[in-house]
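**Student:** What follows is work-v3.cif, mmCIF, C-alpha atoms.
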data_protein
#
loop_
_atom_site.label_atom_id
_atom_site.label_comp_id
_atom_site.auth_asym_id
_atom_site.auth_seq_id
_atom_site.Cartn_x
_atom_site.Cartn_y
_atom_site.Cartn_z
CA MET A 1 8.82 -17.07 16.96
CA LEU A 2 6.61 -14.52 18.63
CA ARG A 3 7.07 -10.79 18.36
CA ARG A 4 8.30 -9.09 21.51
CA PHE A 5 5.81 -7.95 24.10
CA ARG A 6 5.96 -6.65 27.65
CA LEU A 7 4.64 -8.94 30.38
CA GLU A 8 2.45 -7.47 33.12
CA GLU A 9 1.74 -9.57 36.20
CA PRO A 10 -1.03 -7.96 38.27
CA GLN A 11 -2.10 -9.42 41.60
CA SER A 12 -5.79 -8.49 41.63
CA VAL A 13 -8.79 -8.22 39.34
CA ALA A 14 -8.86 -4.46 39.90
CA GLU A 15 -5.26 -4.24 38.71
CA VAL A 16 -6.06 -6.32 35.62
CA SER A 17 -8.99 -4.09 34.80
CA GLU A 18 -6.90 -0.95 35.32
CA LEU A 19 -4.19 -2.22 32.98
CA LEU A 20 -6.72 -3.13 30.30
CA GLY A 21 -8.34 0.28 30.62
CA ARG A 22 -5.02 2.07 30.46
CA PHE A 23 -3.52 0.24 27.51
CA GLY A 24 -6.67 -0.52 25.55
CA GLU A 25 -6.25 -2.58 22.41
CA SER A 26 -2.50 -2.84 22.81
CA ALA A 27 -2.93 -5.12 25.84
CA LYS A 28 -4.60 -8.50 26.18
CA VAL A 29 -5.46 -10.83 29.02
CA TYR A 30 -3.22 -13.93 28.97
CA ALA A 31 -4.06 -17.07 30.92
CA GLY A 32 -3.39 -20.49 29.35
CA GLY A 33 -2.58 -18.94 26.01
CA THR A 34 -3.84 -21.94 24.06
CA GLU A 35 -5.83 -19.76 21.68
CA LEU A 36 -4.08 -16.41 22.10
CA LEU A 37 -0.53 -17.59 21.45
CA LEU A 38 -1.63 -19.39 18.29
CA ALA A 39 -3.23 -16.23 16.92
CA MET A 40 -0.09 -14.28 17.83
CA LYS A 41 2.18 -16.86 16.19
CA GLU A 42 0.19 -16.64 12.99
CA GLY A 43 0.41 -12.86 13.04
CA LEU A 44 -3.37 -12.47 13.20
CA VAL A 45 -3.11 -10.29 16.28
CA GLN A 46 -0.30 -8.49 17.99
CA TYR A 47 -0.04 -6.87 21.41
CA GLU A 48 2.48 -4.66 23.12
CA ARG A 49 1.53 -6.11 26.48
CA LEU A 50 0.23 -9.41 27.75
CA VAL A 51 -1.50 -9.24 31.11
CA ASN A 52 -0.77 -12.52 32.92
CA VAL A 53 -3.82 -13.09 35.12
CA LYS A 54 -2.63 -16.35 36.66
CA ASN A 55 -1.23 -14.65 39.77
CA VAL A 56 -4.67 -13.33 40.73
CA THR A 57 -5.92 -15.57 43.52
CA GLY A 58 -9.41 -16.92 43.98
CA LEU A 59 -10.25 -17.42 40.31
CA ASN A 60 -9.51 -21.13 39.97
CA GLU A 61 -11.91 -22.68 42.42
CA ILE A 62 -15.03 -24.75 41.95
CA THR A 63 -17.59 -24.22 44.69
CA VAL A 64 -21.03 -25.70 45.19
CA THR A 65 -23.72 -23.77 47.02
CA ASP A 66 -27.37 -24.63 47.41
CA GLY A 67 -28.52 -23.97 43.92
CA SER A 68 -25.45 -23.59 41.77
CA VAL A 69 -21.92 -24.59 40.88
CA THR A 70 -19.56 -21.63 40.61
CA ILE A 71 -16.53 -22.14 38.41
CA GLY A 72 -13.59 -19.76 38.51
CA ALA A 73 -12.59 -18.39 35.11
CA LEU A 74 -9.03 -19.62 35.60
CA CYS A 75 -10.06 -23.24 36.10
CA THR A 76 -8.33 -25.36 33.50
CA HIS A 77 -10.25 -27.88 31.43
CA HIS A 78 -8.25 -30.55 33.25
CA GLN A 79 -9.46 -29.27 36.61
CA LEU A 80 -13.01 -29.37 35.34
CA GLU A 81 -12.80 -32.85 33.82
CA THR A 82 -11.44 -34.24 37.10
CA SER A 83 -13.72 -32.27 39.43
CA ALA A 84 -15.79 -34.38 41.82
CA ALA A 85 -18.29 -31.52 42.08
CA LEU A 86 -18.85 -31.47 38.33
CA THR A 87 -19.04 -35.25 38.13
CA GLU A 88 -21.81 -35.19 40.70
CA LYS A 89 -23.74 -32.05 39.83
CA LEU A 90 -23.01 -31.30 36.16
CA PRO A 91 -22.02 -34.57 34.47
CA ALA A 92 -22.77 -33.27 30.96
CA LEU A 93 -20.29 -30.42 31.49
CA LYS A 94 -17.71 -32.81 32.93
CA LYS A 95 -18.01 -35.00 29.84
CA LEU A 96 -17.68 -31.98 27.58
CA GLU A 97 -14.53 -30.83 29.37
CA GLN A 98 -13.04 -34.32 29.14
CA ASN A 99 -13.25 -34.02 25.37
CA VAL A 100 -12.00 -30.49 24.77
CA ALA A 101 -9.12 -30.45 22.26
CA ASN A 102 -6.33 -32.72 23.56
CA VAL A 103 -4.66 -33.52 26.87
CA ARG A 104 -2.06 -30.78 26.50
CA VAL A 105 -4.59 -28.04 25.77
CA ARG A 106 -6.75 -29.26 28.64
CA GLN A 107 -3.77 -29.09 30.97
CA VAL A 108 -3.22 -25.33 30.63
CA GLY A 109 -6.25 -23.95 28.79
CA THR A 110 -8.83 -22.24 30.99
CA ILE A 111 -12.61 -22.15 30.71
CA GLY A 112 -12.51 -18.36 31.02
CA GLY A 113 -10.02 -18.04 28.21
CA ASN A 114 -12.07 -20.36 26.05
CA LEU A 115 -15.24 -18.32 26.55
CA CYS A 116 -13.59 -14.90 26.18
CA PHE A 117 -11.59 -15.76 23.07
CA ALA A 118 -14.92 -16.82 21.51
CA GLU A 119 -13.44 -19.07 18.87
CA PRO A 120 -16.47 -20.34 16.93
CA HIS A 121 -15.17 -23.93 16.89
CA ALA A 122 -15.29 -24.43 20.64
CA ASP A 123 -17.45 -26.54 22.95
CA PRO A 124 -18.20 -25.04 26.39
CA GLY A 125 -20.26 -22.00 25.35
CA THR A 126 -22.94 -24.09 23.68
CA LEU A 127 -23.64 -26.25 26.72
CA LEU A 128 -23.39 -23.35 29.16
CA ILE A 129 -26.14 -21.60 27.19
CA ALA A 130 -28.38 -24.68 27.44
CA LEU A 131 -27.65 -24.97 31.17
CA GLY A 132 -28.67 -21.34 31.75
CA ALA A 133 -25.25 -20.31 33.03
CA LYS A 134 -24.42 -16.76 34.10
CA LEU A 135 -21.03 -15.18 33.52
CA ILE A 136 -19.84 -12.95 36.34
CA THR A 137 -17.62 -10.10 35.26
CA GLU A 138 -15.79 -7.31 37.06
CA LYS A 139 -14.11 -4.09 36.27
CA SER A 140 -12.31 -1.68 38.58
CA SER A 141 -15.22 -1.01 40.89
CA SER A 142 -18.26 -2.82 39.59
CA LYS A 143 -19.57 -6.28 38.85
CA ARG A 144 -22.24 -7.58 36.58
CA GLU A 145 -23.82 -10.81 35.42
CA ILE A 146 -24.19 -11.69 31.76
CA ALA A 147 -26.37 -14.61 30.74
CA ALA A 148 -24.38 -17.09 28.67
CA GLU A 149 -26.91 -16.74 25.87
CA ASP A 150 -26.12 -13.01 25.70
CA PHE A 151 -22.35 -13.36 26.01
CA PHE A 152 -21.37 -14.42 22.51
CA VAL A 153 -21.82 -11.60 20.03
CA ASP A 154 -19.91 -12.80 16.98
CA ALA A 155 -16.83 -14.80 16.04
CA TYR A 156 -14.07 -13.73 18.45
CA GLU A 157 -16.35 -11.11 19.94
CA THR A 158 -18.07 -11.18 23.32
CA ALA A 159 -20.18 -8.76 25.34
CA LEU A 160 -17.19 -7.89 27.52
CA GLU A 161 -16.18 -4.25 27.70
CA ALA A 162 -12.56 -3.32 27.11
CA ASP A 163 -11.59 -3.21 30.78
CA GLU A 164 -13.92 -5.95 31.94
CA VAL A 165 -12.66 -9.27 33.31
CA LEU A 166 -14.57 -12.55 33.43
CA THR A 167 -14.13 -13.91 36.95
CA LYS A 168 -16.65 -16.72 37.46
CA ILE A 169 -19.19 -18.86 35.69
CA GLN A 170 -22.27 -19.73 37.70
CA VAL A 171 -24.21 -22.78 36.58
CA PRO A 172 -27.54 -23.67 38.22
CA VAL A 173 -27.62 -27.22 39.47
CA PRO A 174 -30.30 -29.04 37.47
CA ALA A 175 -33.35 -30.35 39.32
CA ALA A 176 -33.50 -34.04 40.22
CA ASN A 177 -35.59 -34.58 37.09
CA GLY A 178 -33.24 -32.47 34.98
CA ARG A 179 -31.71 -33.99 31.88
CA SER A 180 -29.02 -32.59 29.62
CA ALA A 181 -26.59 -33.63 26.93
CA TYR A 182 -23.98 -32.12 24.66
CA LEU A 183 -22.91 -33.80 21.43
CA LYS A 184 -20.36 -32.64 18.92
CA PHE A 185 -19.20 -33.71 15.51
CA GLY A 186 -15.96 -33.05 13.72
CA TYR A 187 -13.07 -34.77 12.03
CA LEU A 188 -10.70 -31.80 11.87
CA GLU A 189 -8.83 -30.69 14.94
CA ARG A 190 -11.67 -28.50 16.19
CA PRO A 191 -15.38 -29.38 16.43
CA SER A 192 -17.49 -28.59 13.38
CA VAL A 193 -20.95 -28.78 14.95
CA GLY A 194 -22.04 -28.79 18.61
CA VAL A 195 -25.56 -29.18 19.98
CA ALA A 196 -26.73 -28.98 23.59
CA ILE A 197 -30.12 -29.68 25.08
CA ALA A 198 -31.42 -29.42 28.63
CA PHE A 199 -34.90 -29.96 30.06
CA ASN A 200 -36.85 -31.24 33.05
CA LEU A 201 -38.73 -34.48 32.68
CA ASN A 202 -41.92 -33.73 34.56
CA GLY A 203 -44.83 -35.56 32.98
CA GLY A 204 -43.67 -34.09 29.74
CA VAL A 205 -40.64 -32.17 28.57
CA LYS A 206 -40.49 -28.82 30.39
CA GLY A 207 -38.13 -25.89 30.54
CA VAL A 208 -36.38 -26.92 27.35
CA LYS A 209 -33.24 -25.12 26.28
CA VAL A 210 -31.57 -25.87 22.97
CA ALA A 211 -28.27 -24.37 21.83
CA VAL A 212 -26.17 -24.83 18.70
CA GLY A 213 -22.51 -23.94 18.28
CA CYS A 214 -19.42 -24.33 16.08
CA ALA A 215 -21.34 -24.27 12.81
CA GLY A 216 -21.88 -20.52 12.83
CA PRO A 217 -19.96 -17.51 14.13
CA ALA A 218 -21.16 -17.82 17.73
CA PRO A 219 -23.09 -20.32 19.85
CA ARG A 220 -26.70 -19.40 20.25
CA ARG A 221 -29.85 -20.47 21.92
CA VAL A 222 -32.64 -21.55 19.56
CA ALA A 223 -35.99 -20.56 21.08
CA GLU A 224 -37.83 -21.54 17.91
CA ALA A 225 -36.64 -25.13 18.27
CA GLU A 226 -37.45 -25.14 21.99
CA ALA A 227 -41.04 -24.11 21.26
CA LEU A 228 -41.56 -27.31 19.24
CA LEU A 229 -40.63 -29.43 22.28
CA GLU A 230 -41.79 -27.37 25.26
CA GLY A 231 -44.60 -28.88 27.30
CA LYS A 232 -44.94 -31.86 24.96
CA SER A 233 -45.08 -35.45 26.11
CA LYS A 234 -41.91 -37.42 25.54
CA ASP A 235 -43.41 -39.17 22.50
CA GLU A 236 -44.78 -35.98 20.97
CA ALA A 237 -41.44 -34.24 21.49
CA GLU A 238 -39.70 -37.11 19.75
CA ARG A 239 -42.04 -36.78 16.79
CA ASN A 240 -41.19 -33.07 16.58
CA LEU A 241 -37.43 -33.61 16.72
CA ALA A 242 -36.96 -33.67 12.97
CA GLN A 243 -38.63 -30.30 12.55
CA ALA A 244 -36.88 -28.89 15.64
CA GLY A 245 -33.61 -30.09 14.14
CA ALA A 246 -34.30 -28.34 10.84
CA VAL A 247 -35.17 -25.12 12.66
CA ALA A 248 -32.05 -25.37 14.82
CA GLY A 249 -29.94 -26.06 11.75
CA ARG A 250 -31.08 -22.91 10.01
CA ALA A 251 -30.65 -20.93 13.24
CA ALA A 252 -27.01 -22.02 13.45
CA GLN A 253 -26.07 -19.51 10.71
CA ALA A 254 -23.77 -22.08 9.19
CA ILE A 255 -21.36 -21.07 6.47
CA SER A 256 -19.71 -23.33 3.93
CA ASP A 257 -16.04 -23.83 4.71
CA LEU A 258 -13.45 -26.55 5.31
CA HIS A 259 -15.65 -27.97 8.04
CA GLY A 260 -18.41 -28.65 5.52
CA SER A 261 -21.03 -26.99 3.40
CA GLN A 262 -23.83 -25.00 4.96
CA GLU A 263 -26.34 -27.73 4.06
CA TYR A 264 -24.13 -30.43 5.55
CA LYS A 265 -23.74 -28.60 8.84
CA GLU A 266 -27.45 -27.87 9.05
CA HIS A 267 -28.12 -31.54 8.49
CA ILE A 268 -25.65 -32.52 11.21
CA VAL A 269 -27.32 -30.12 13.65
CA GLY A 270 -30.55 -32.03 13.11
CA VAL A 271 -28.87 -35.38 13.62
CA LEU A 272 -27.14 -34.23 16.80
CA LEU A 273 -30.31 -32.69 18.25
CA LYS A 274 -32.14 -35.97 17.85
CA ARG A 275 -29.26 -37.94 19.38
CA ALA A 276 -28.77 -35.41 22.19
CA PHE A 277 -32.42 -35.67 23.12
CA GLU A 278 -32.18 -39.48 23.27
CA ARG A 279 -28.90 -39.26 25.18
CA ALA A 280 -30.43 -36.85 27.71
CA LEU A 281 -33.29 -39.26 28.32
CA SER A 282 -31.10 -42.31 28.79
CA MET N 1 -3.95 -3.57 10.97
CA ALA N 2 -0.30 -3.84 11.98
CA ARG N 3 1.17 -0.72 13.49
CA ALA N 4 4.62 0.18 14.66
CA MET N 5 5.46 -1.49 17.95
CA THR N 6 6.64 0.74 20.76
CA ARG N 7 10.37 0.34 21.16
CA HIS N 8 11.09 -0.54 24.76
CA SER N 9 14.24 1.04 26.13
CA GLU N 10 15.49 -2.37 27.17
CA ALA N 11 14.25 -5.90 26.66
CA GLN N 12 12.35 -7.32 29.63
CA SER N 13 14.31 -10.15 31.20
CA ILE N 14 12.61 -12.73 33.39
CA PRO N 15 14.73 -14.97 35.63
CA VAL N 16 13.58 -18.57 35.40
CA SER N 17 14.75 -20.99 38.04
CA PHE N 18 13.54 -24.50 37.30
CA THR N 19 14.40 -28.17 37.52
CA LEU N 20 15.28 -29.75 34.18
CA ASN N 21 15.60 -33.53 34.07
CA GLY N 22 16.26 -33.52 37.79
CA ARG N 23 18.84 -30.72 37.88
CA LEU N 24 18.37 -27.09 38.87
CA HIS N 25 18.83 -24.57 36.07
CA GLU N 26 18.77 -20.79 36.26
CA ILE N 27 18.31 -18.95 33.01
CA GLU N 28 16.90 -15.66 31.83
CA VAL N 29 14.31 -15.36 29.09
CA GLU N 30 12.33 -12.62 27.44
CA PRO N 31 8.56 -12.88 27.84
CA HIS N 32 7.95 -13.81 24.19
CA GLU N 33 10.36 -16.75 24.06
CA LEU N 34 8.73 -20.13 23.55
CA LEU N 35 9.65 -23.11 25.72
CA LEU N 36 10.40 -25.28 22.69
CA ASP N 37 12.97 -22.81 21.37
CA VAL N 38 14.63 -22.40 24.76
CA VAL N 39 14.85 -26.17 25.29
CA ARG N 40 16.11 -26.93 21.79
CA ASP N 41 18.32 -23.94 21.03
CA GLN N 42 19.45 -22.55 24.37
CA LEU N 43 19.66 -25.84 26.25
CA GLY N 44 20.55 -28.09 23.32
CA LEU N 45 17.88 -30.73 23.99
CA THR N 46 16.54 -31.49 20.54
CA GLY N 47 14.37 -34.51 21.35
CA ALA N 48 11.26 -32.32 21.38
CA LYS N 49 10.34 -31.42 17.81
CA ARG N 50 8.63 -28.48 16.14
CA SER N 51 6.12 -30.17 13.84
CA CYS N 52 2.67 -28.62 13.51
CA ASP N 53 3.48 -25.60 15.67
CA VAL N 54 -0.21 -25.29 16.58
CA GLU N 55 -0.33 -27.68 19.56
CA VAL N 56 -2.30 -30.43 17.82
CA CYS N 57 0.35 -33.04 16.92
CA GLY N 58 2.23 -33.63 20.19
CA ALA N 59 5.73 -33.84 18.72
CA CYS N 60 6.81 -31.03 21.05
CA THR N 61 5.34 -32.64 24.18
CA LEU N 62 7.27 -31.95 27.38
CA LEU N 63 6.23 -32.85 30.91
CA VAL N 64 5.92 -29.89 33.27
CA ASP N 65 5.31 -31.01 36.85
CA GLY N 66 4.58 -34.41 35.35
CA ARG N 67 1.85 -33.17 33.01
CA PRO N 68 2.06 -32.92 29.23
CA VAL N 69 2.24 -29.51 27.57
CA SER N 70 2.83 -28.30 24.02
CA ALA N 71 6.24 -26.65 24.25
CA CYS N 72 5.61 -24.93 20.90
CA THR N 73 2.80 -22.93 22.47
CA THR N 74 4.13 -22.43 25.98
CA LEU N 75 5.94 -19.26 26.99
CA ALA N 76 9.29 -20.25 28.49
CA PHE N 77 8.89 -18.17 31.65
CA GLU N 78 5.94 -20.32 32.65
CA VAL N 79 8.27 -23.09 33.90
CA ARG N 80 9.74 -20.92 36.66
CA GLY N 81 9.55 -22.85 39.92
CA ARG N 82 8.50 -26.02 38.13
CA SER N 83 10.10 -29.28 37.06
CA VAL N 84 10.49 -30.07 33.39
CA LEU N 85 11.12 -33.51 31.91
CA THR N 86 12.36 -34.00 28.36
CA ILE N 87 12.94 -37.32 26.59
CA GLU N 88 16.64 -36.92 27.31
CA GLY N 89 15.86 -37.10 31.01
CA LEU N 90 13.94 -40.35 30.96
CA ALA N 91 16.75 -42.90 31.06
CA GLU N 92 18.47 -43.18 34.44
CA ASN N 93 22.23 -43.78 34.56
CA GLY N 94 22.12 -45.07 30.99
CA LYS N 95 19.33 -47.51 31.77
CA LEU N 96 16.32 -47.04 29.50
CA HIS N 97 12.91 -46.36 30.98
CA PRO N 98 10.49 -49.30 30.54
CA LEU N 99 8.56 -47.21 28.01
CA GLN N 100 11.66 -46.66 25.92
CA GLN N 101 12.55 -50.33 26.14
CA ALA N 102 9.03 -51.36 25.17
CA PHE N 103 8.98 -49.07 22.12
CA ILE N 104 12.16 -50.78 20.94
CA GLU N 105 10.98 -54.32 21.67
CA HIS N 106 7.52 -53.86 20.16
CA GLY N 107 8.41 -51.71 17.17
CA GLY N 108 6.61 -48.63 18.47
CA PHE N 109 8.43 -46.24 16.14
CA GLN N 110 9.55 -45.98 12.52
CA CYS N 111 10.99 -42.59 11.62
CA GLY N 112 11.03 -41.64 15.29
CA PHE N 113 9.92 -38.05 14.84
CA CYS N 114 6.80 -38.32 16.99
CA THR N 115 8.44 -40.74 19.43
CA PRO N 116 9.83 -38.44 22.13
CA GLY N 117 6.40 -36.83 22.44
CA MET N 118 4.67 -40.21 22.38
CA ILE N 119 6.82 -41.64 25.13
CA LEU N 120 6.52 -38.59 27.38
CA ALA N 121 2.75 -38.48 26.91
CA ALA N 122 2.61 -42.21 27.68
CA LYS N 123 4.62 -41.64 30.84
CA ALA N 124 2.15 -38.99 31.97
CA LEU N 125 -0.71 -41.38 31.20
CA LEU N 126 0.79 -44.24 33.22
CA ASP N 127 1.69 -41.96 36.12
CA GLU N 128 -1.98 -40.95 36.27
CA ASN N 129 -3.44 -44.35 35.45
CA PRO N 130 -1.07 -47.33 35.78
CA ASN N 131 -3.61 -49.75 34.31
CA PRO N 132 -5.43 -47.98 31.50
CA SER N 133 -7.96 -49.68 29.28
CA GLU N 134 -7.31 -49.35 25.56
CA ALA N 135 -10.11 -46.77 25.37
CA GLU N 136 -8.53 -44.73 28.19
CA LEU N 137 -5.13 -44.98 26.53
CA LYS N 138 -6.50 -43.82 23.19
CA HIS N 139 -8.34 -40.93 24.80
CA PHE N 140 -5.23 -39.70 26.60
CA MET N 141 -2.96 -40.19 23.58
CA HIS N 142 -5.50 -38.69 21.17
CA GLY N 143 -3.39 -35.55 20.78
CA ASN N 144 -0.19 -37.34 19.75
CA ILE N 145 -0.14 -37.96 16.01
CA CYS N 146 2.03 -40.47 14.13
CA ARG N 147 2.40 -40.50 10.37
CA CYS N 148 4.22 -43.83 10.13
CA THR N 149 2.98 -46.59 12.37
CA GLY N 150 -0.79 -46.67 12.25
CA TYR N 151 -0.67 -46.63 16.07
CA LYS N 152 -1.07 -50.38 16.65
CA LYS N 153 2.53 -50.89 17.77
CA ILE N 154 2.48 -47.70 19.80
CA ILE N 155 -0.50 -48.98 21.76
CA GLU N 156 1.16 -52.39 22.19
CA SER N 157 4.37 -50.77 23.40
CA ILE N 158 2.58 -48.64 25.98
CA MET N 159 0.47 -51.54 27.24
CA ALA N 160 3.55 -53.76 27.50
CA ALA N 161 5.45 -51.09 29.41
CA ALA N 162 2.46 -50.53 31.69
CA LYS N 163 2.38 -54.23 32.51
CA LYS N 164 6.11 -54.31 33.28
CA MET N 165 5.83 -51.19 35.41
CA ARG N 166 2.91 -52.62 37.39
CA VAL N 167 4.84 -55.80 38.11
CA LYS N 168 7.83 -53.83 39.34
CA ALA N 169 5.81 -51.52 41.58
#
As C-alpha cells, how would this structure be written, given the file I've shared?

**Tutor:**
Amino acid sequence: MLRRFRLEEPQSVAEVSELLGRFGESAKVYAGGTELLLAMKEGLVQYERLVNVKNVTGLNEITVTDGSVTIGALCTHHQLETSAALTEKLPALKKLEQNVANVRVRQVGTIGGNLCFAEPHADPGTLLIALGAKLITEKSSSKREIAAEDFFVDAYETALEADEVLTKIQVPVPAANGRSAYLKFGYLERPSVGVAIAFNLNGGVKGVKVAVGCAGPAPRRVAEAEALLEGKSKDEAERNLAQAGAVAGRAAQAISDLHGSQEYKEHIVGVLLKRAFERALS
Amino acid sequence: MARAMTRHSEAQSIPVSFTLNGRLHEIEVEPHELLLDVVRDQLGLTGAKRSCDVEVCGACTLLVDGRPVSACTTLAFEVRGRSVLTIEGLAENGKLHPLQQAFIEHGGFQCGFCTPGMILAAKALLDENPNPSEAELKHFMHGNICRCTGYKKIIESIMAAAKKMRVKA
C-alpha cells in the first residue's frame, strides 16, 4: 500500500519545471516509477505530489543526426533495446539496455528515470560516461548540457537543480574505428560491479575512456586508469591492463556490503576491465 | 524525516476506462492505488499474486497492451485507455490456451504460485517471438522466479506450447 499523494499531469516541460519549483521537496517527477514506487512502498521517501511527465510530448524519441544519437529521457529500456538506430550506431548501449533488470522493468522504466534516480546499482550511467554522453536539461526558461561524467554526484544524488528536468541524452556516434564495451557482474537482483571502456583503434589505443559503476556510490570516470592505456599499442595496453584494473578498482570507492567486500569488488573491477578491453577489440 | 502530510479536502479520483480480459470496465481509483490491489481486491481476480512486492519475482505479472508489467509496482490509473490481460482471461469459452494445456501436460507447475505470472510472461514472449531459442526464452523469462520446479519443466512446457501454436498458425 502506498500513502496517498496528489497526481499532477502537466503537458509541457515548462509546466513540469514550474510545479517542481513551486512544490519543492514535496513533489517528485514520476515516469515509469520502477525505482520511485519501490522507495515509496518501503517508506524511504514520501511525496505529497507526483508529477506524471508521461503526457509531455517529444521526450520519447530516438533521433540520429550527423554526429550523434539523441535519446529522449522518456524512452523506455524496451524502446532502446529494440531500437534499430541503437543497434546500428551504439551496439554496446543496445546490449546494455537489453540486460537492464527484467522484461517488466524494461517495459515501463525509462532511461531518464534511471539516470535521475541515481541508484548506485544501475547500468546505463557507467557506459554513458565512457561514451562521452551529454545530458540535456531544461527548466522554465533555460537549458543546459551536463556531461555524463559530471552528472552523478553521490548515491541518489545528481547535478540536477530542484526545478530542472532531464529531457534528452546526446551520445556521440563513435568513429568507424571506435570500440566500446560494457560488462557487469552480479548475482543479486541488481548489478554489483559495472565497467565500461571506449577507445579508438588508430595504430594504438587512442581517446580511451574508462568508467566504473555499481561498486561505489556513483559511476565515475577513471582518468588515472585511462592514462595507463592512452596512446599505447594494443599489446602494451594489454600488458598495462592489470595495473589499470587495480587503479580503477580503487577509484570505484567500493564499500563492503551484501554485494561483496570492498576487496572483492575491487578485484572484480580489474577482471571486468580486462575482459571489457578484449570484448571491445573483438 | 517524515512530516505530517497535507490533508486534502477530498481524495483525488481518477476515472479509468479500460479493457479487462476483453471486456470494457469503467472504475475510479485514487492515484496511489496499485494495479495489483485493484485487480485482486476490487475486481476479484486473484490469479496475480503479491510475492516479492519489489518487481523482481514476476508472480504479479499482468499483460498491459500485450506486454508484461509488475502489477505490484504499477499505479492502477496507468491502465486507462489500455487493455489488460490476467490469467483468468486466457482460456476462451472454457477452452484452455495452449500454454495452459502445455503446463498441465508437461508438469510445468508444482505449487502453482508463480504459474499465472509464468504463463502470462510466456504468452508475451511467444507473441513477440513465436519461435524462440532456449537462450531467448531464458532471457525473456529471466524475471519470473519459481521456487519449486527448477525451471526445466517450465521451459519444456513453453517450448511445447510454442510448437503447437506455430503449427496452428

**Student:** Which residues, written as a ChimeraX atom specification, have at least one atom at most 6 Å from region 127-139 of chain A, with all atoms listed in the file counted and residues fewer than 3 positions away on the same chain left out?

**Tutor:** /A:17,124,142-149,164-171,196-198,209-211

**Student:** Determine, counting all atoms listed in the file, which protein, DNA and RNA residues have an atom within 10 Å of an atom of region 30-42 of chain A; residues of the same chain fewer than 4 positions away are not included. Present the result as a PyMOL selection string.

**Tutor:** (chain A and resi 1-3+7-9+46-47+49-55+73-76+104-114+117-119) or (chain N and resi 32+34+53-55+70+72-75+78)

**Student:** Could you turn the residues from that selection into a file that holds C-alpha atoms, as a short mmCIF file (atom, residue, chain, number, x, y, z; two decimals), in the coordinates of the input?

**Tutor:**
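The resulting file, result_39.cif, is reproduced below:
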data_model
loop_
_atom_site.label_atom_id
_atom_site.label_comp_id
_atom_site.auth_asym_id
_atom_site.auth_seq_id
_atom_site.Cartn_x
_atom_site.Cartn_y
_atom_site.Cartn_z
CA MET A 1 8.82 -17.07 16.96
CA LEU A 2 6.61 -14.52 18.63
CA ARG A 3 7.07 -10.79 18.36
CA LEU A 7 4.64 -8.94 30.38
CA GLU A 8 2.45 -7.47 33.12
CA GLU A 9 1.74 -9.57 36.20
CA GLN A 46 -0.30 -8.49 17.99
CA TYR A 47 -0.04 -6.87 21.41
CA ARG A 49 1.53 -6.11 26.48
CA LEU A 50 0.23 -9.41 27.75
CA VAL A 51 -1.50 -9.24 31.11
CA ASN A 52 -0.77 -12.52 32.92
CA VAL A 53 -3.82 -13.09 35.12
CA LYS A 54 -2.63 -16.35 36.66
CA ASN A 55 -1.23 -14.65 39.77
CA ALA A 73 -12.59 -18.39 35.11
CA LEU A 74 -9.03 -19.62 35.60
CA CYS A 75 -10.06 -23.24 36.10
CA THR A 76 -8.33 -25.36 33.50
CA ARG A 104 -2.06 -30.78 26.50
CA VAL A 105 -4.59 -28.04 25.77
CA ARG A 106 -6.75 -29.26 28.64
CA GLN A 107 -3.77 -29.09 30.97
CA VAL A 108 -3.22 -25.33 30.63
CA GLY A 109 -6.25 -23.95 28.79
CA THR A 110 -8.83 -22.24 30.99
CA ILE A 111 -12.61 -22.15 30.71
CA GLY A 112 -12.51 -18.36 31.02
CA GLY A 113 -10.02 -18.04 28.21
CA ASN A 114 -12.07 -20.36 26.05
CA PHE A 117 -11.59 -15.76 23.07
CA ALA A 118 -14.92 -16.82 21.51
CA GLU A 119 -13.44 -19.07 18.87
CA HIS N 32 7.95 -13.81 24.19
CA LEU N 34 8.73 -20.13 23.55
CA ASP N 53 3.48 -25.60 15.67
CA VAL N 54 -0.21 -25.29 16.58
CA GLU N 55 -0.33 -27.68 19.56
CA SER N 70 2.83 -28.30 24.02
CA CYS N 72 5.61 -24.93 20.90
CA THR N 73 2.80 -22.93 22.47
CA THR N 74 4.13 -22.43 25.98
CA LEU N 75 5.94 -19.26 26.99
CA GLU N 78 5.94 -20.32 32.65
#

**Student:** List the residues matched by the PyMOL selection byres ((chain N and resi 19) around 10) in the displayed structure as a PyMOL selection string, ordered by chain and then by residue number.

**Tutor:** chain N and resi 16-18+20-26+64-65+79-85

**Student:** Please find the residues of chain N near chain A - the criterion being any atom within 9 Å, counting only C-alpha atoms - and write them as a ChimeraX atom specification.

**Tutor:** /N:1-2,5-6,8,11-12,30-34,37,53-56,58,61,67-70,73-75,121,139-144

**Student:** CA of Thr87 (chain A) and CA of Phe151 (chain A) are how many Å apart?

**Tutor:**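 Value for the CA of Thr87 (chain A)-CA of Phe151 (chain A) distance: 25.2 Å.
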
**Student:** Report, in Å to a single decimal, how far apart CA of Ser12 (chain A) and CA of Ala76 (chain N) are.

**Tutor:**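 Result for CA of Ala76 (chain N) versus CA of Ser12 (chain A): 23.2 Å, one decimal.
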
**Student:** For a quick check of understanding, using only C-alpha atoms, which of N:Val167, N:Leu36, N:Ile14, N:Ala122 has the smallest distance to Phe103 (chain N)?

**Tutor:**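 Distance minimum relative to Phe103 (chain N) lands on N:Ala122.
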
**Student:** Record the distance separating CA of Glu224 (chain A) and CA of Leu273 (chain A), expressed in Å with one decimal.

**Tutor:**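 According to the coordinates, CA of Glu224 (chain A) and CA of Leu273 (chain A) are separated by 13.5 Å.
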
**Student:** Neighbours of Ser282 (chain A) within 10 Å (only C-alpha atoms; same-chain residues fewer than 2 positions away dropped), as a PyMOL selection string?

**Tutor:** chain A and resi 179-181+276-280

**Student:** Put the listed atoms of region 130-149 of chain A in a box along x, y and z with 8 Å added on every side and give me the centre and edge lengths in Å to one decimal, as AutoDock Vina command-line options.

**Tutor:**
--center_x -20.5 --center_y -13.0 --center_z 33.4 --size_x 32.4 --size_y 40.0 --size_z 31.0

**Student:** From the options N:Ile119, N:Met159, N:Ile27, N:Cys148, which residue's atoms come nearest to Glu136 (chain N), counting all atoms listed in the file?

**Tutor:**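 Selected residue with least distance to Glu136 (chain N): N:Met159.
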
**Student:** Within 10 Å of Leu258 (chain A), counting all atoms listed in the file, which residues show up once you throw out same-chain ones fewer than 3 positions away? Write them as an NGL selection string, please.

**Tutor:** :A and (188 or 192 or 255 or 261)
